[in-house]
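Here is my_file_34.csv, consisting of CSV, C-alpha atoms (C1' of nucleotides):
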chain,number,residue,atom,x,y,z
A,1,MET,CA,10.2,102.0,-75.9
A,2,GLU,CA,10.0,103.4,-79.4
A,3,LYS,CA,6.9,105.1,-80.7
A,4,GLN,CA,4.3,102.6,-81.8
A,5,ILE,CA,3.4,103.2,-85.4
A,6,ASN,CA,0.8,100.5,-85.9
A,7,THR,CA,-1.8,100.0,-83.2
A,8,ARG,CA,-5.1,98.4,-84.0
A,9,GLN,CA,-6.7,101.7,-83.7
A,10,LYS,CA,-4.4,103.5,-86.1
A,11,THR,CA,-4.8,100.7,-88.7
A,12,ALA,CA,-8.5,100.9,-88.4
A,13,ILE,CA,-8.3,104.7,-89.0
A,14,ARG,CA,-6.1,104.3,-92.1
A,15,ASP,CA,-8.5,101.6,-93.4
A,16,ALA,CA,-11.4,103.9,-92.9
A,17,PHE,CA,-9.7,106.5,-95.3
A,18,ILE,CA,-8.8,103.8,-97.8
A,19,GLU,CA,-12.3,102.3,-97.9
A,20,ALA,CA,-14.1,105.7,-98.1
A,21,ASP,CA,-11.8,107.0,-100.8
A,22,ARG,CA,-12.8,110.5,-100.1
A,23,PRO,CA,-12.0,113.2,-97.5
A,24,LEU,CA,-13.4,112.5,-94.1
A,25,SER,CA,-14.2,114.5,-91.0
A,26,PRO,CA,-13.1,113.3,-87.6
A,27,ASP,CA,-16.6,112.1,-86.9
A,28,GLU,CA,-16.8,110.2,-90.2
A,29,VAL,CA,-13.4,108.7,-89.4
A,30,LEU,CA,-14.7,107.6,-86.0
A,31,GLU,CA,-17.8,106.0,-87.6
A,32,GLY,CA,-15.8,104.3,-90.4
A,33,ALA,CA,-13.0,103.0,-88.1
A,34,GLN,CA,-15.5,101.7,-85.5
A,35,ARG,CA,-16.6,99.1,-88.0
A,36,HIS,CA,-13.1,97.6,-87.6
A,37,HIS,CA,-12.6,98.5,-83.9
A,38,PRO,CA,-15.9,99.2,-82.1
A,39,ALA,CA,-14.4,100.5,-78.9
A,40,LEU,CA,-12.5,103.3,-80.7
A,41,GLY,CA,-12.8,106.6,-78.9
A,42,LYS,CA,-12.9,110.0,-80.5
A,43,ALA,CA,-9.8,111.3,-78.7
A,44,THR,CA,-7.8,108.5,-80.3
A,45,VAL,CA,-9.2,109.5,-83.7
A,46,TYR,CA,-8.0,113.1,-83.2
A,47,ARG,CA,-4.6,111.9,-82.0
A,48,ASN,CA,-4.1,109.5,-84.9
A,49,ILE,CA,-5.3,112.0,-87.5
A,50,GLN,CA,-2.7,114.4,-86.1
A,51,SER,CA,-0.1,111.7,-86.1
A,52,LEU,CA,-0.9,110.8,-89.7
A,53,VAL,CA,-0.7,114.4,-90.8
A,54,ASP,CA,2.7,114.7,-89.1
A,55,GLU,CA,3.9,111.6,-90.9
A,56,GLY,CA,2.6,113.0,-94.2
A,57,TRP,CA,0.1,110.2,-94.8
A,58,LEU,CA,-2.8,112.6,-94.4
A,59,GLN,CA,-3.4,116.2,-95.2
A,60,ALA,CA,-6.0,118.7,-94.1
A,61,VAL,CA,-8.8,119.9,-96.5
A,62,GLU,CA,-10.4,123.1,-95.4
A,63,ILE,CA,-13.8,123.8,-96.8
A,64,PRO,CA,-16.3,126.7,-96.6
A,65,GLY,CA,-18.7,126.5,-93.7
A,66,HIS,CA,-17.8,123.1,-92.3
A,67,SER,CA,-15.1,121.7,-90.1
A,68,THR,CA,-11.8,120.4,-91.5
A,69,ARG,CA,-11.7,117.2,-93.4
A,70,TYR,CA,-8.6,115.0,-94.0
A,71,GLU,CA,-7.6,113.1,-97.1
A,72,VAL,CA,-4.8,110.8,-98.0
A,73,ALA,CA,-1.8,112.9,-99.0
A,74,GLY,CA,0.3,112.8,-102.1
A,75,LYS,CA,-2.3,112.8,-104.8
A,76,GLU,CA,-2.2,115.0,-107.9
A,77,HIS,CA,-3.6,118.5,-107.7
A,78,HIS,CA,-7.3,118.2,-107.6
A,79,HIS,CA,-10.4,119.9,-106.1
A,80,HIS,CA,-13.6,118.8,-104.3
A,81,PHE,CA,-17.3,118.4,-104.7
A,82,GLN,CA,-19.6,118.7,-101.7
A,83,CYS,CA,-23.1,117.3,-101.6
A,84,ASN,CA,-25.7,119.9,-100.6
A,85,ARG,CA,-27.8,117.3,-98.8
A,86,CYS,CA,-25.5,114.8,-97.1
A,87,LYS,CA,-22.5,117.2,-96.9
A,88,LYS,CA,-20.1,114.5,-97.9
A,89,LEU,CA,-17.0,115.7,-99.7
A,90,TYR,CA,-15.7,114.0,-102.8
A,91,GLU,CA,-12.6,114.3,-104.9
A,92,LEU,CA,-12.7,115.6,-108.4
A,93,GLU,CA,-10.2,114.8,-111.1
A,94,GLY,CA,-8.3,117.6,-112.8
A,95,CYS,CA,-8.3,121.3,-112.6
A,96,ILE,CA,-9.2,124.4,-114.5
A,97,PRO,CA,-7.1,124.4,-117.8
A,98,SER,CA,-5.9,128.0,-117.8
A,99,PHE,CA,-7.6,130.6,-115.7
A,100,LYS,CA,-6.2,134.1,-115.5
A,101,PRO,CA,-8.4,136.1,-113.2
A,102,LYS,CA,-8.0,139.8,-113.2
A,103,LEU,CA,-6.3,140.8,-109.9
A,104,PRO,CA,-6.3,144.3,-108.4
A,105,ARG,CA,-3.1,146.3,-108.8
A,106,GLY,CA,-0.3,145.1,-106.5
A,107,PHE,CA,-1.9,141.7,-105.7
A,108,ARG,CA,0.1,138.6,-106.2
A,109,LYS,CA,-1.5,135.1,-106.6
A,110,THR,CA,0.1,132.1,-105.0
A,111,GLY,CA,-2.7,129.5,-105.1
A,112,HIS,CA,-6.3,128.7,-105.7
A,113,GLU,CA,-9.1,126.5,-104.5
A,114,PHE,CA,-12.2,125.4,-106.3
A,115,PHE,CA,-15.4,123.7,-105.0
A,116,LEU,CA,-18.3,122.3,-106.8
A,117,TYR,CA,-21.6,121.9,-105.1
A,118,GLY,CA,-24.6,119.7,-106.0
A,119,LEU,CA,-26.0,116.3,-105.2
A,120,CYS,CA,-24.0,113.1,-105.0
A,121,SER,CA,-25.2,110.0,-106.7
A,122,GLN,CA,-26.8,108.7,-103.4
A,123,CYS,CA,-28.8,111.9,-102.9
A,124,ASN,CA,-29.7,112.6,-106.5
A,125,HIS,CA,-32.6,110.5,-107.7
B,1,MET,CA,-43.8,150.6,-81.6
B,2,GLU,CA,-42.7,149.6,-85.1
B,3,LYS,CA,-39.3,148.1,-85.8
B,4,GLN,CA,-36.6,150.8,-85.9
B,5,ILE,CA,-34.8,150.5,-89.2
B,6,ASN,CA,-32.2,153.2,-88.8
B,7,THR,CA,-30.4,153.5,-85.6
B,8,ARG,CA,-27.1,155.2,-85.3
B,9,GLN,CA,-25.5,151.8,-84.8
B,10,LYS,CA,-27.1,150.2,-87.8
B,11,THR,CA,-26.1,153.2,-90.0
B,12,ALA,CA,-22.5,152.9,-88.7
B,13,ILE,CA,-22.5,149.2,-89.6
B,14,ARG,CA,-23.8,149.9,-93.1
B,15,ASP,CA,-21.2,152.6,-93.6
B,16,ALA,CA,-18.4,150.3,-92.5
B,17,PHE,CA,-19.3,147.9,-95.3
B,18,ILE,CA,-19.6,150.7,-97.9
B,19,GLU,CA,-16.3,152.2,-96.9
B,20,ALA,CA,-14.4,148.9,-96.8
B,21,ASP,CA,-15.8,147.7,-100.1
B,22,ARG,CA,-14.9,144.1,-99.4
B,23,PRO,CA,-16.4,141.3,-97.3
B,24,LEU,CA,-16.0,141.8,-93.6
B,25,SER,CA,-16.0,139.6,-90.5
B,26,PRO,CA,-18.1,140.6,-87.5
B,27,ASP,CA,-14.9,141.8,-85.8
B,28,GLU,CA,-13.9,143.8,-88.8
B,29,VAL,CA,-17.4,145.3,-88.9
B,30,LEU,CA,-17.0,146.2,-85.2
B,31,GLU,CA,-13.7,147.9,-85.8
B,32,GLY,CA,-14.9,149.8,-88.8
B,33,ALA,CA,-18.2,150.9,-87.4
B,34,GLN,CA,-16.6,152.0,-84.1
B,35,ARG,CA,-14.9,154.8,-86.1
B,36,HIS,CA,-18.4,156.2,-86.5
B,37,HIS,CA,-19.8,155.1,-83.2
B,38,PRO,CA,-17.1,154.3,-80.6
B,39,ALA,CA,-19.5,152.8,-78.0
B,40,LEU,CA,-20.7,150.2,-80.4
B,41,GLY,CA,-20.9,146.7,-78.8
B,42,LYS,CA,-20.2,143.4,-80.6
B,43,ALA,CA,-23.7,142.0,-79.7
B,44,THR,CA,-25.2,144.9,-81.7
B,45,VAL,CA,-22.9,144.1,-84.6
B,46,TYR,CA,-24.1,140.5,-84.7
B,47,ARG,CA,-27.8,141.6,-84.3
B,48,ASN,CA,-27.6,144.1,-87.1
B,49,ILE,CA,-25.7,141.8,-89.4
B,50,GLN,CA,-28.5,139.3,-89.0
B,51,SER,CA,-31.0,142.0,-89.5
B,52,LEU,CA,-29.3,143.2,-92.7
B,53,VAL,CA,-29.1,139.7,-94.0
B,54,ASP,CA,-32.8,139.2,-93.3
B,55,GLU,CA,-33.5,142.4,-95.2
B,56,GLY,CA,-31.4,141.2,-98.1
B,57,TRP,CA,-28.9,144.1,-97.8
B,58,LEU,CA,-26.1,141.7,-96.8
B,59,GLN,CA,-25.2,138.1,-97.6
B,60,ALA,CA,-23.0,135.6,-96.0
B,61,VAL,CA,-19.7,134.6,-97.5
B,62,GLU,CA,-18.3,131.3,-96.2
B,63,ILE,CA,-14.6,130.7,-96.7
B,64,PRO,CA,-12.3,127.8,-96.0
B,65,GLY,CA,-10.7,127.8,-92.6
B,66,HIS,CA,-12.1,131.1,-91.3
B,67,SER,CA,-15.3,132.4,-89.8
B,68,THR,CA,-18.1,133.7,-92.0
B,69,ARG,CA,-17.7,137.1,-93.7
B,70,TYR,CA,-20.6,139.3,-95.0
B,71,GLU,CA,-20.8,141.4,-98.1
B,72,VAL,CA,-23.3,143.8,-99.6
B,73,ALA,CA,-25.8,141.7,-101.5
B,74,GLY,CA,-27.0,142.0,-105.1
B,75,LYS,CA,-23.7,142.2,-106.9
B,76,GLU,CA,-23.0,140.2,-110.0
B,77,HIS,CA,-21.6,136.7,-109.7
B,78,HIS,CA,-18.0,136.9,-108.5
B,79,HIS,CA,-15.4,135.2,-106.4
B,80,HIS,CA,-12.9,136.1,-103.7
B,81,PHE,CA,-9.3,136.6,-103.0
B,82,GLN,CA,-7.8,136.0,-99.5
B,83,CYS,CA,-4.5,137.4,-98.4
B,84,ASN,CA,-2.3,134.8,-96.9
B,85,ARG,CA,-0.8,137.3,-94.5
B,86,CYS,CA,-3.5,139.7,-93.3
B,87,LYS,CA,-6.3,137.3,-94.0
B,88,LYS,CA,-8.5,140.1,-95.5
B,89,LEU,CA,-11.0,138.9,-98.1
B,90,TYR,CA,-11.3,140.9,-101.4
B,91,GLU,CA,-13.8,140.7,-104.2
B,92,LEU,CA,-12.7,139.6,-107.7
B,93,GLU,CA,-14.4,140.5,-110.9
B,94,GLY,CA,-15.7,137.9,-113.2
B,95,CYS,CA,-15.6,134.2,-113.2
B,96,ILE,CA,-14.3,131.2,-115.0
B,97,PRO,CA,-15.4,131.4,-118.7
B,98,SER,CA,-16.5,127.8,-119.3
B,99,PHE,CA,-15.4,125.1,-117.0
B,100,LYS,CA,-16.8,121.6,-117.4
B,101,PRO,CA,-15.3,119.4,-114.7
B,102,LYS,CA,-15.7,115.7,-115.0
B,103,LEU,CA,-18.2,114.6,-112.4
B,104,PRO,CA,-18.6,111.0,-111.1
B,105,ARG,CA,-21.6,109.1,-112.5
B,106,GLY,CA,-24.9,110.1,-111.0
B,107,PHE,CA,-23.6,113.4,-109.6
B,108,ARG,CA,-25.4,116.7,-110.4
B,109,LYS,CA,-23.8,120.1,-110.2
B,110,THR,CA,-25.7,123.1,-108.9
B,111,GLY,CA,-23.1,125.6,-108.1
B,112,HIS,CA,-19.4,126.4,-107.6
B,113,GLU,CA,-17.1,128.5,-105.5
B,114,PHE,CA,-13.6,129.7,-106.4
B,115,PHE,CA,-11.0,131.3,-104.2
B,116,LEU,CA,-7.6,132.8,-105.0
B,117,TYR,CA,-4.9,133.1,-102.4
B,118,GLY,CA,-1.8,135.2,-102.3
B,119,LEU,CA,-0.7,138.6,-101.0
B,120,CYS,CA,-2.8,141.8,-101.2
B,121,SER,CA,-1.2,145.1,-102.2
B,122,GLN,CA,-0.6,146.1,-98.6
B,123,CYS,CA,1.2,142.9,-97.8
B,124,ASN,CA,3.1,142.4,-101.1
B,125,HIS,CA,6.2,144.6,-101.3
C,1,DA,C1',6.5,86.1,-68.1
C,2,DT,C1',7.9,90.8,-66.7
C,3,DG,C1',8.1,95.7,-66.6
C,4,DA,C1',8.8,100.2,-68.6
C,5,DG,C1',7.1,103.1,-71.9
C,6,DA,C1',3.5,104.2,-75.1
C,7,DA,C1',-1.4,104.3,-76.6
C,8,DT,C1',-6.0,104.2,-75.4
C,9,DG,C1',-10.8,105.8,-73.9
C,10,DA,C1',-13.9,108.4,-71.0
C,11,DT,C1',-14.5,112.6,-69.7
C,12,DA,C1',-13.3,117.3,-68.5
C,13,DA,C1',-11.6,121.3,-70.2
C,14,DC,C1',-10.6,124.6,-73.6
C,15,DG,C1',-11.0,128.3,-77.4
C,16,DC,C1',-13.7,130.4,-80.4
C,17,DA,C1',-17.6,132.5,-82.6
C,18,DT,C1',-22.0,133.4,-81.7
C,19,DT,C1',-26.3,134.1,-79.0
C,20,DC,C1',-28.7,135.2,-74.7
C,21,DT,C1',-29.8,138.0,-70.6
C,22,DC,C1',-31.1,142.0,-68.6
C,23,DA,C1',-30.7,146.6,-67.0
C,24,DT,C1',-30.4,150.8,-69.4
C,25,DC,C1',-31.0,154.0,-73.1
C,26,DT,C1',-33.6,155.8,-77.2
C,27,DA,C1',-37.1,157.0,-80.4
C,28,DT,C1',-41.6,157.8,-81.6
C,29,DG,C1',-46.8,158.3,-81.0
C,30,DA,C1',-50.1,159.9,-77.9
D,1,DT,C1',-44.0,165.7,-71.7
D,2,DC,C1',-44.8,161.0,-71.0
D,3,DA,C1',-45.2,156.2,-71.8
D,4,DT,C1',-43.9,152.3,-74.1
D,5,DA,C1',-41.9,149.1,-77.2
D,6,DG,C1',-37.7,148.5,-79.4
D,7,DA,C1',-32.6,148.8,-79.5
D,8,DT,C1',-28.4,148.8,-77.1
D,9,DG,C1',-24.0,147.3,-74.4
D,10,DA,C1',-21.6,144.5,-71.1
D,11,DG,C1',-20.9,140.4,-69.9
D,12,DA,C1',-22.6,135.6,-69.1
D,13,DA,C1',-23.8,131.6,-71.4
D,14,DT,C1',-23.9,128.5,-75.2
D,15,DG,C1',-22.5,125.1,-78.9
D,16,DC,C1',-19.2,122.8,-81.3
D,17,DG,C1',-14.8,121.2,-82.6
D,18,DT,C1',-10.7,120.1,-80.6
D,19,DT,C1',-7.3,119.2,-76.9
D,20,DA,C1',-5.8,117.9,-72.2
D,21,DT,C1',-6.0,114.8,-68.2
D,22,DC,C1',-5.3,110.5,-66.2
D,23,DA,C1',-6.2,105.9,-64.9
D,24,DT,C1',-6.1,101.8,-67.5
D,25,DT,C1',-4.5,98.7,-71.1
D,26,DC,C1',-1.4,97.3,-74.5
D,27,DT,C1',3.2,96.4,-76.7
D,28,DC,C1',7.5,94.7,-77.0
D,29,DA,C1',12.5,94.1,-75.6
D,30,DT,C1',14.4,91.7,-72.1

Any chance you could put this one into structure tokens?
Amino acid sequence: MEKQINTRQKTAIRDAFIEADRPLSPDEVLEGAQRHHPALGKATVYRNIQSLVDEGWLQAVEIPGHSTRYEVAGKEHHHHFQCNRCKKLYELEGCIPSFKPKLPRGFRKTGHEFFLYGLCSQCNH
Amino acid sequence: MEKQINTRQKTAIRDAFIEADRPLSPDEVLEGAQRHHPALGKATVYRNIQSLVDEGWLQAVEIPGHSTRYEVAGKEHHHHFQCNRCKKLYELEGCIPSFKPKLPRGFRKTGHEFFLYGLCSQCNH
DNA sequence: ATGAGAATGATAACGCATTCTCATCTATGA
DNA sequence: TCATAGATGAGAATGCGTTATCATTCTCAT
């Protein structure tokens, strides 16, 4: 038999990402996808996240001090905002216009990451 | 008896930071401090890092995808460069002049972090 | 409907960074 | 010099995120 590409569980996991519209941790995926498929197990979440990364539908987002989150791949270059209170990660539009940091002699830059911190709309009132 | 503030081990650990002049992981501290005090154990490294953080001499630096590093506290606002190959973290001078990212409605910004990636002088040739 | 292959879910196991345990060593005041 | 509280070092133990195991369930071509 061929590899199954659309089980109920995998669909529930994809829907969780689409509905959240922000990068999710495996636990957040579990919580979100269980609203569609309550019996979902965390091993299946990890397996399907890996599968979706392999397919190119998801990509990993590493952030300081917390475990890896995953977001739908293929978006334009962007950065992230993390809420200090609820720790949820959000996508930000755009990037720094033209930033030329002074590098030590002999260093070569290949990329950058940028994070904003603060309070999200739910936690800021 | 009072708390001992200057054991051979703690001095070796402080010296490791001063000599490296960049943020260090506990393992890097162990390696660097063992050049001064070969019998140094890793538990002592962890204990003294914590002690130096409590004293305000060190501060934690969290970075994406790697364990926490520590740097000498009290420096001016700055950011970091991580080498893609050797994974060493370096300090960069200065910051982004004036960056006003577009935040979603209701969000409030309290801080930011910035990371450059590339190759350090030892790995770039 | 059947059966082979694939996916699932519960749980055990893993890797890793970090912390704890405890016997030993060290530094300082008496 | 001695006594004592603190610090150390080796290794065990912990916590957490992730992966492996394996019996069961599901899917789909026949």

With 12 Å as the limit and counting all atoms listed in the file, what residues in chain C lie close to chain B? Please list them as an MDAnalysis selection string.
chainID C and resid 16:21 26:30

I'd like a table as JSON lines: residues in chain B with an atom no more than 8 Å from chain A, each row giving the shortest atom pair and its distance in Å to one decimal, only C-alpha atoms counted, sorted by chain and rising residue number.
{"residue": "B:Glu62", "atom": "CA", "partner": "A:Pro64", "partner_atom": "CA", "distance": 5.0}
{"residue": "B:Ile63", "atom": "CA", "partner": "A:Pro64", "partner_atom": "CA", "distance": 4.3}
{"residue": "B:Pro64", "atom": "CA", "partner": "A:Pro64", "partner_atom": "CA", "distance": 4.2}
{"residue": "B:Gly65", "atom": "CA", "partner": "A:Glu62", "partner_atom": "CA", "distance": 5.5}
{"residue": "B:Ser67", "atom": "CA", "partner": "A:Gly65", "partner_atom": "CA", "distance": 7.8}
{"residue": "B:Thr68", "atom": "CA", "partner": "A:Gly65", "partner_atom": "CA", "distance": 7.4}
{"residue": "B:Leu92", "atom": "CA", "partner": "A:Leu103", "partner_atom": "CA", "distance": 6.9}
{"residue": "B:Glu93", "atom": "CA", "partner": "A:Lys102", "partner_atom": "CA", "distance": 6.8}
{"residue": "B:Gly94", "atom": "CA", "partner": "A:Pro101", "partner_atom": "CA", "distance": 7.5}
{"residue": "B:Cys95", "atom": "CA", "partner": "A:Pro101", "partner_atom": "CA", "distance": 7.4}
{"residue": "B:Ile96", "atom": "CA", "partner": "A:Phe99", "partner_atom": "CA", "distance": 6.8}
{"residue": "B:Phe99", "atom": "CA", "partner": "A:Ile96", "partner_atom": "CA", "distance": 6.7}
{"residue": "B:Pro101", "atom": "CA", "partner": "A:Gly94", "partner_atom": "CA", "distance": 7.5}
{"residue": "B:Lys102", "atom": "CA", "partner": "A:Glu93", "partner_atom": "CA", "distance": 6.8}
{"residue": "B:Leu103", "atom": "CA", "partner": "A:Leu92", "partner_atom": "CA", "distance": 6.9}
{"residue": "B:Pro104", "atom": "CA", "partner": "A:Leu92", "partner_atom": "CA", "distance": 8.0}
{"residue": "B:Arg105", "atom": "CA", "partner": "A:Ser121", "partner_atom": "CA", "distance": 6.9}
{"residue": "B:Gly106", "atom": "CA", "partner": "A:Ser121", "partner_atom": "CA", "distance": 4.3}
{"residue": "B:Phe107", "atom": "CA", "partner": "A:Cys120", "partner_atom": "CA", "distance": 4.6}
{"residue": "B:Arg108", "atom": "CA", "partner": "A:Leu119", "partner_atom": "CA", "distance": 5.2}
{"residue": "B:Lys109", "atom": "CA", "partner": "A:Gly118", "partner_atom": "CA", "distance": 4.3}
{"residue": "B:Thr110", "atom": "CA", "partner": "A:Gly118", "partner_atom": "CA", "distance": 4.6}
{"residue": "B:Gly111", "atom": "CA", "partner": "A:Tyr117", "partner_atom": "CA", "distance": 5.0}
{"residue": "B:His112", "atom": "CA", "partner": "A:Leu116", "partner_atom": "CA", "distance": 4.3}
{"residue": "B:Glu113", "atom": "CA", "partner": "A:Phe115", "partner_atom": "CA", "distance": 5.1}
{"residue": "B:Phe114", "atom": "CA", "partner": "A:Phe114", "partner_atom": "CA", "distance": 4.5}
{"residue": "B:Phe115", "atom": "CA", "partner": "A:Glu113", "partner_atom": "CA", "distance": 5.2}
{"residue": "B:Leu116", "atom": "CA", "partner": "A:His112", "partner_atom": "CA", "distance": 4.4}
{"residue": "B:Tyr117", "atom": "CA", "partner": "A:Gly111", "partner_atom": "CA", "distance": 5.0}
{"residue": "B:Gly118", "atom": "CA", "partner": "A:Lys109", "partner_atom": "CA", "distance": 4.3}
{"residue": "B:Leu119", "atom": "CA", "partner": "A:Arg108", "partner_atom": "CA", "distance": 5.3}
{"residue": "B:Cys120", "atom": "CA", "partner": "A:Phe107", "partner_atom": "CA", "distance": 4.6}
{"residue": "B:Ser121", "atom": "CA", "partner": "A:Gly106", "partner_atom": "CA", "distance": 4.4}
{"residue": "B:Gln122", "atom": "CA", "partner": "A:Gly106", "partner_atom": "CA", "distance": 8.0}
{"residue": "B:Asn124", "atom": "CA", "partner": "A:Phe107", "partner_atom": "CA", "distance": 6.8}

Please check the contacts: residues of chain D at most 10 Å away from chain B, using all atoms listed in the file, listed as a PyMOL selection string.
chain D and resi 4-10

Counting all atoms listed in the file, find the residues whose atoms lie at most 9 Å from (-6.8, 108.8, -105.5) (file coordinates) and write them out as a list in words.
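So the residues meeting the distance criterion are Asp21, Arg22, Val72, Gly74, Lys75, Glu76, Glu91 and Glu93 of chain A.
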
Pick out the residues sitting within 9 Å of B:Ala33, and hand them over as a ChimeraX atom specification; count only C-alpha atoms (C1' of nucleotides), and ignore anything fewer than 4 positions along from it in its own chain.
/B:9-17,28-29,37-38,40,45

Would you work out the distance separating atom C1' of C:DA12 from atom C1' of D:DT24, expressed in Å to one decimal?
17.1 Å

Name the residues in contact with C:DT2 at a cut-off of 12 Å, using all atoms listed in the file, excluding same-chain residues fewer than 6 positions from it; report them as number ranges by chain.
D: 28-30

Using Å and a single decimal, report how far atom CA of B:His77 sits from atom CA of B:Ile5.
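These two atoms are separated by 28.0 Å.
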
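Straight-line separation from atom C1' of D:DG15 to atom CA of A:Leu24: 21.7 Å.
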